[in-house]
$ cat data_22.txt   # compact mmCIF, C-alpha atoms
# COMPACT_ATOMS: atom_id res chain seq x y z
CA MET A 1 0.00 0.00 0.00
CA TRP A 2 1.41 3.39 -1.00
CA SER A 3 2.28 5.42 2.09
CA GLY A 4 4.33 8.38 0.92
CA PRO A 5 5.59 10.40 -2.01
CA TRP A 6 7.64 8.51 -4.58
CA VAL A 7 11.31 9.37 -4.30
CA PRO A 8 14.00 7.89 -6.56
CA PRO A 9 16.29 5.60 -4.51
CA ARG A 10 19.39 7.57 -5.43
CA PHE A 11 18.02 10.59 -3.55
CA ALA A 12 18.00 9.00 -0.10
CA ALA A 13 20.12 11.78 1.36
CA GLY A 14 22.35 11.55 4.41
CA ARG A 15 20.47 13.16 7.28
CA ASP A 16 23.37 15.03 8.85
CA VAL A 17 25.19 16.24 5.74
CA PRO A 18 25.53 20.04 5.94
CA LEU A 19 23.64 21.72 3.11
CA ARG A 20 26.13 23.66 0.99
CA GLY A 21 26.09 25.51 -2.31
CA VAL A 22 27.89 22.79 -4.25
CA ARG A 23 26.37 21.05 -7.24
CA HIS A 24 26.24 17.29 -6.90
CA GLY A 25 26.46 15.10 -9.96
CA ALA A 26 25.50 15.73 -13.55
CA ALA A 27 21.85 16.45 -12.81
CA GLY A 28 22.60 19.89 -11.34
CA LEU A 29 21.67 18.94 -7.79
CA LEU A 30 22.23 21.81 -5.35
CA TYR A 31 22.68 19.68 -2.20
CA PRO A 32 22.52 16.00 -1.19
CA GLY A 33 18.98 14.72 -1.72
CA HIS A 34 17.86 17.66 -3.87
CA ILE A 35 15.14 16.79 -6.40
CA PRO A 36 14.81 19.55 -9.04
CA THR A 37 11.19 20.25 -9.97
CA SER A 38 9.39 22.58 -12.37
CA PRO A 39 6.73 25.09 -11.22
CA LEU A 40 4.02 22.71 -12.49
CA GLN A 41 5.50 19.78 -10.60
CA LYS A 42 5.70 21.89 -7.45
CA ALA A 43 2.05 22.89 -7.83
CA LEU A 44 0.99 19.26 -8.19
CA LEU A 45 3.11 18.23 -5.21
CA ALA A 46 1.66 21.09 -3.15
CA ALA A 47 -1.94 20.16 -3.99
CA GLY A 48 -1.45 16.47 -3.29
CA SER A 49 0.50 16.96 -0.08
CA ALA A 50 -1.99 19.55 1.20
CA GLY A 51 -4.87 17.12 0.77
CA MET A 52 -3.02 14.30 2.51
CA ALA A 53 -1.75 16.53 5.32
CA LEU A 54 -5.25 17.84 6.04
CA TYR A 55 -6.65 14.30 5.98
CA ASN A 56 -3.93 13.00 8.30
CA PRO A 57 -1.91 15.68 10.18
CA TYR A 58 0.51 12.99 11.36
CA ARG A 59 1.74 12.40 7.81
CA HIS A 60 4.93 14.33 8.46
CA ASP A 61 6.26 13.44 5.01
CA MET A 62 3.31 15.20 3.39
CA VAL A 63 3.62 18.20 5.72
CA ALA A 64 7.29 18.44 4.73
CA VAL A 65 6.53 18.38 1.01
CA LEU A 66 3.84 21.04 1.47
CA GLY A 67 6.27 23.28 3.32
CA GLU A 68 8.94 23.00 0.64
CA THR A 69 6.66 23.57 -2.35
CA THR A 70 4.72 26.55 -0.97
CA GLY A 71 7.18 28.38 1.27
CA LEU A 72 9.62 30.10 -1.09
CA ARG A 73 8.62 33.70 -0.27
CA ALA A 74 8.47 33.09 3.49
CA LEU A 75 11.80 31.26 3.44
CA LYS A 76 13.47 34.24 1.74
CA VAL A 77 12.14 36.55 4.46
CA LEU A 78 13.39 34.19 7.18
CA ARG A 79 16.78 33.88 5.48
CA ASP A 80 17.10 37.66 5.33
CA GLN A 81 16.20 37.96 9.02
CA MET A 82 18.93 35.45 9.84
CA ARG A 83 21.50 37.29 7.72
CA LYS A 84 20.82 40.54 9.61
CA ASP A 85 21.22 38.95 13.05
CA PRO A 86 24.75 38.09 14.33
CA GLU A 87 23.67 34.76 15.85
CA GLY A 88 21.46 33.92 12.87
CA ALA A 89 24.21 34.80 10.39
CA GLU A 90 26.61 32.47 12.19
CA ILE A 91 24.04 29.68 12.01
CA LEU A 92 23.71 30.21 8.26
CA GLN A 93 27.47 30.14 7.90
CA LYS A 94 28.20 27.07 10.07
CA ARG A 95 25.03 25.08 9.28
CA PRO A 96 24.64 23.18 12.58
CA ARG A 97 22.31 20.16 12.53
CA ILE A 98 20.21 18.70 15.35
CA SER A 99 20.01 14.90 15.31
CA LEU A 100 20.87 11.94 17.51
CA SER A 101 24.27 11.78 15.85
CA THR A 102 25.09 15.40 16.68
CA LEU A 103 23.58 15.57 20.18
CA ASP A 104 25.69 14.58 23.18
CA LEU A 105 22.92 12.86 25.14
CA ASP A 106 25.12 12.08 28.14
CA LYS A 107 26.07 15.73 28.43
CA LEU A 108 22.45 16.83 28.18
CA ARG A 109 21.49 14.39 30.94
CA SER A 110 24.24 15.75 33.18
CA LEU A 111 23.09 19.36 32.89
CA PRO A 112 21.37 21.10 35.82
CA GLU A 113 17.67 20.60 36.32
CA GLY A 114 15.68 23.26 34.51
CA SER A 115 18.36 23.92 31.88
CA LEU A 116 17.36 24.06 28.21
CA GLY A 117 19.35 20.93 27.40
CA GLN A 118 17.85 18.80 30.14
CA GLU A 119 14.32 20.07 29.51
CA TYR A 120 14.68 19.38 25.78
CA LEU A 121 15.90 15.84 26.46
CA CYS A 122 13.05 15.35 28.94
CA PHE A 123 10.59 16.47 26.26
CA LEU A 124 11.99 13.90 23.81
CA ASP A 125 11.83 11.13 26.42
CA VAL A 126 8.35 11.91 27.78
CA ASN A 127 6.78 12.28 24.34
CA ARG A 128 8.81 9.43 22.80
CA VAL A 129 9.96 11.52 19.85
CA SER A 130 13.31 11.79 18.11
CA PRO A 131 14.96 14.64 16.19
CA ASP A 132 15.77 12.04 13.53
CA THR A 133 12.13 11.91 12.44
CA ARG A 134 12.54 15.23 10.58
CA ALA A 135 12.60 14.61 6.83
CA PRO A 136 15.54 15.93 4.82
CA THR A 137 14.85 18.80 2.42
CA ARG A 138 14.36 17.76 -1.21
CA PHE A 139 12.24 20.18 -3.27
CA VAL A 140 13.71 23.62 -2.43
CA ASP A 141 15.75 24.89 -5.40
CA ASP A 142 18.16 27.02 -3.38
CA GLU A 143 20.66 25.42 -1.03
CA GLU A 144 20.62 28.24 1.55
CA LEU A 145 16.82 28.26 1.70
CA ALA A 146 16.92 24.46 1.89
CA TYR A 147 18.99 24.78 5.05
CA VAL A 148 16.60 27.38 6.49
CA ILE A 149 13.61 25.05 6.23
CA GLN A 150 15.72 22.13 7.50
CA ARG A 151 16.73 24.20 10.52
CA TYR A 152 13.10 25.15 11.09
CA ARG A 153 12.16 21.46 11.17
CA GLU A 154 14.98 20.50 13.48
CA ILE A 155 14.11 23.16 16.09
CA HIS A 156 10.42 22.23 16.09
CA ASP A 157 10.79 20.12 19.23
CA MET A 158 12.78 22.97 20.79
CA LEU A 159 9.73 25.19 20.29
CA HIS A 160 7.55 22.61 22.01
CA THR A 161 10.00 22.78 24.92
CA LEU A 162 10.05 26.59 24.96
CA LEU A 163 6.27 26.81 24.83
CA GLY A 164 5.65 23.93 27.25
CA MET A 165 3.38 22.15 24.76
CA PRO A 166 2.95 18.35 24.43
CA THR A 167 2.77 16.50 21.13
CA ASN A 168 -0.95 15.73 21.16
CA ILE A 169 -3.16 17.37 18.54
CA LEU A 170 -3.98 20.38 20.71
CA GLY A 171 -0.32 20.98 21.58
CA GLU A 172 0.73 20.71 17.94
CA ILE A 173 -1.94 23.22 16.87
CA VAL A 174 -0.78 25.72 19.49
CA VAL A 175 2.82 25.39 18.28
CA LYS A 176 1.61 25.80 14.67
CA TRP A 177 -0.08 29.10 15.58
CA PHE A 178 3.17 30.31 17.14
CA GLU A 179 5.13 29.14 14.08
CA ALA A 180 2.63 30.71 11.67
CA VAL A 181 3.11 34.11 13.29
CA GLN A 182 6.89 33.68 13.49
CA THR A 183 7.57 32.27 10.02
CA GLY A 184 4.66 33.11 7.72
CA LEU A 185 5.05 29.67 6.13
CA PRO A 186 1.82 28.66 4.33
CA MET A 187 2.19 25.15 5.74
CA CYS A 188 2.05 26.53 9.29
CA ILE A 189 -0.89 28.79 8.50
CA LEU A 190 -2.88 25.90 6.99
CA GLY A 191 -2.07 23.68 9.96
CA ALA A 192 -3.13 26.38 12.40
CA LEU A 193 -6.42 27.05 10.59
CA PHE A 194 -7.50 23.52 9.69
CA GLY A 195 -5.92 21.50 12.49
CA PRO A 196 -8.75 22.32 14.95
CA ILE A 197 -11.26 20.45 12.74
CA ARG A 198 -10.43 17.22 14.58
CA LEU A 199 -10.71 18.66 18.09
CA SER A 200 -13.47 17.93 20.56
CA ALA A 201 -15.85 20.76 21.49
CA GLN A 202 -14.15 21.19 24.87
CA SER A 203 -10.66 21.39 23.37
CA LEU A 204 -11.83 23.77 20.65
CA GLN A 205 -13.32 26.12 23.23
CA VAL A 206 -10.05 26.17 25.22
CA LEU A 207 -8.02 26.63 22.04
CA VAL A 208 -10.02 29.59 20.74
CA SER A 209 -10.55 31.38 24.04
CA GLU A 210 -7.12 30.91 25.65
CA LEU A 211 -4.42 29.11 23.70
CA ILE A 212 -4.60 30.81 20.28
CA PRO A 213 -4.48 34.36 21.73
CA TRP A 214 -1.52 33.29 23.91
CA ALA A 215 0.35 31.72 20.97
CA ILE A 216 -0.23 34.75 18.71
CA GLN A 217 0.85 37.20 21.40
CA ASN A 218 4.06 35.29 22.12
CA GLY A 219 4.81 34.72 18.44
CA ARG A 220 4.60 38.44 17.78
CA ARG A 221 6.62 39.44 20.83
CA ALA A 222 9.47 36.93 20.51
CA PRO A 223 12.40 37.60 18.17
CA CYS A 224 12.90 35.20 15.27
CA VAL A 225 13.46 31.80 16.89
CA LEU A 226 15.65 30.72 13.96
CA ASN A 227 18.26 33.21 15.17
CA LEU A 228 19.00 31.22 18.32
CA TYR A 229 22.08 28.98 18.36
CA TYR A 230 20.40 26.46 20.66
CA GLU A 231 23.40 24.16 20.70
CA ARG A 232 25.34 26.85 22.60
CA ARG A 233 22.53 27.46 25.05
CA TRP A 234 22.04 23.98 26.51
CA GLU A 235 23.20 25.13 29.97
CA GLN A 236 21.00 28.24 29.99
CA PRO A 237 18.01 27.91 32.34
CA LEU A 238 14.84 27.44 30.32
CA ARG A 239 13.11 30.06 32.44
CA ALA A 240 15.83 32.60 31.62
CA LEU A 241 15.61 31.83 27.90
CA ARG A 242 11.85 32.29 27.95
CA GLU A 243 12.30 35.65 29.65
CA GLU A 244 14.91 36.65 27.07
CA LEU A 245 12.49 35.84 24.27
CA GLY A 246 9.47 37.35 25.98
CA ILE A 247 7.64 34.01 26.11
CA THR A 248 5.16 33.87 28.97
CA ASP A 249 3.82 30.81 30.74
CA PRO A 250 0.95 29.11 28.87
CA PRO A 251 -2.59 29.41 30.21
CA THR A 252 -3.24 27.16 33.19
CA VAL A 253 -5.17 24.50 31.32
CA HIS A 254 -4.30 20.81 31.14
CA VAL A 255 -3.35 20.69 27.49
CA ARG A 256 -1.94 17.17 27.79
CA GLY A 257 -5.31 15.80 28.90
CA LEU A 258 -7.27 17.43 26.05
CA ALA A 259 -7.53 16.27 22.45

$ encode --input "data_22.txt" --output "structure tokens"
Amino acid sequence: MWSGPWVPPRFAAGRDVPLRGVRHGAAGLLYPGHIPTSPLQKALLAAGSAGMALYNPYRHDMVAVLGETTGLRALKVLRDQMRKDPEGAEILQKRPRISLSTLDLDKLRSLPEGSLGQEYLCFLDVNRVSPDTRAPTRFVDDEELAYVIQRYREIHDMLHTLLGMPTNILGEIVVKWFEAVQTGLPMCILGALFGPIRLSAQSLQVLVSELIPWAIQNGRRAPCVLNLYYERRWEQPLRALREELGITDPPTVHVRGLA
């Protein structure tokens, strides 16, 4: 049974290869795993992935394709914001990656309680998620923008940690509202608008009355979250980082128990 977009076997890219502006092979590939596509092909991929992502929000492969085929303008804005920020510019230059092969898990476990590193690792453990589940970029026809969207994916769990949101449907929608305000990516906007369709009446009421206003307010107030070199902030207390970014505590509702 077909369960994902068809990808030629030769494009199974290495997950932790830094994305650089070097052409690979005779096909004019811009980075490992790049699949060049025409505007028509991108439109077809966008339409198909949007339908599948709305039908099943947990199809992360479809969400990834949708983000890559519709986000060109937003990615350019994000890239420019990173270039203008000293920390963001260094990230663009050094291209750090977040994966199990780049994380020092023992070091994160040894960090003080309440630090970003320990809280991030706790989030991964409690929610049984892995940074390696983030799909590699394939359909973005600019290697620097390809890295920007890859970085966005790889800090997604960091945003859950910063916002104190679980990985259930309600928590994901709240994070999508924050990301939509922060990034302007059409994929995030669609997820924020159509994700609530599957919520119960109780969860929808809490989302609309408390969580969406909180997410929008914090998304507007916080600086661009792509400009944070998280790997150098593992020891920083999570509380202090939230204060630095202007992120307030979420409303006192039991988000984990709602769906």

$ residues_around --input "data_22.txt" --residues "A:Leu199" --least-positions-apart "2" --cutoff "10 Å" --atoms "all atoms listed in the file" --output "list in words"
Ile169, Leu170, Ile173, Gly195, Pro196, Ile197, Ala201, Gln202, Ser203, Leu204, Gln205, Leu207, Leu258 and Ala259 of chain A

$ residues_around --input "data_22.txt" --residues "A:Ala215" --least-positions-apart "4" --cutoff "7 Å" --atoms "only C-alpha atoms" --output "PyMOL selection string"
chain A and resi 174+177-178+211+219

$ atom_distance --input "data_22.txt" --atom1 "atom CA of A:Val175" --atom2 "atom CA of A:Lys42"
26.1 Å

$ atom_distance --input "data_22.txt" --atom1 "atom CA of A:Leu238" --atom2 "atom CA of A:Thr133"
23.8 Å

$ closest_residue --input "data_22.txt" --among "A:Tyr120, A:Tyr58, A:Tyr230, A:Tyr152" --to "A:Ala74" --atoms "all atoms listed in the file"
A:Tyr152

$ residues_around --input "data_22.txt" --residues "A:Phe139" --least-positions-apart "4" --cutoff "12 Å" --atoms "all atoms listed in the file" --output "number ranges by chain"
A: 5, 7, 11, 29-39, 41-43, 45-46, 64-72, 135, 143, 145-147, 149-150

$ closest_residue --input "data_22.txt" --among "A:Ala240, A:His60, A:Leu40, A:Arg220" --to "A:Gly184" --atoms "all atoms listed in the file"
A:Arg220

$ residues_around --input "data_22.txt" --residues "A:Ile216" --least-positions-apart "6" --cutoff "12 Å" --atoms "all atoms listed in the file" --output "PyMOL selection string"
chain A and resi 163+173-183+189+192+207-208+210+222+247-248+250

$ write_last_selection --input "data_22.txt" --atoms "C-alpha atoms" --output "tab-separated table (two decimals), in the coordinates of the input"
chain	number	residue	atom	x	y	z
A	163	LEU	CA	6.27	26.81	24.83
A	173	ILE	CA	-1.94	23.22	16.87
A	174	VAL	CA	-0.78	25.72	19.49
A	175	VAL	CA	2.82	25.39	18.28
A	176	LYS	CA	1.61	25.80	14.67
A	177	TRP	CA	-0.08	29.10	15.58
A	178	PHE	CA	3.17	30.31	17.14
A	179	GLU	CA	5.13	29.14	14.08
A	180	ALA	CA	2.63	30.71	11.67
A	181	VAL	CA	3.11	34.11	13.29
A	182	GLN	CA	6.89	33.68	13.49
A	183	THR	CA	7.57	32.27	10.02
A	189	ILE	CA	-0.89	28.79	8.50
A	192	ALA	CA	-3.13	26.38	12.40
A	207	LEU	CA	-8.02	26.63	22.04
A	208	VAL	CA	-10.02	29.59	20.74
A	210	GLU	CA	-7.12	30.91	25.65
A	222	ALA	CA	9.47	36.93	20.51
A	247	ILE	CA	7.64	34.01	26.11
A	248	THR	CA	5.16	33.87	28.97
A	250	PRO	CA	0.95	29.11	28.87

$ atom_distance --input "data_22.txt" --atom1 "atom CA of A:Val63" --atom2 "atom CA of A:Gln217"
24.8 Å

$ residues_around --input "data_22.txt" --residues "A:Trp234" --least-positions-apart "4" --cutoff "8 Å" --atoms "all atoms listed in the file" --output "number ranges by chain"
A: 108, 111, 115-118, 230
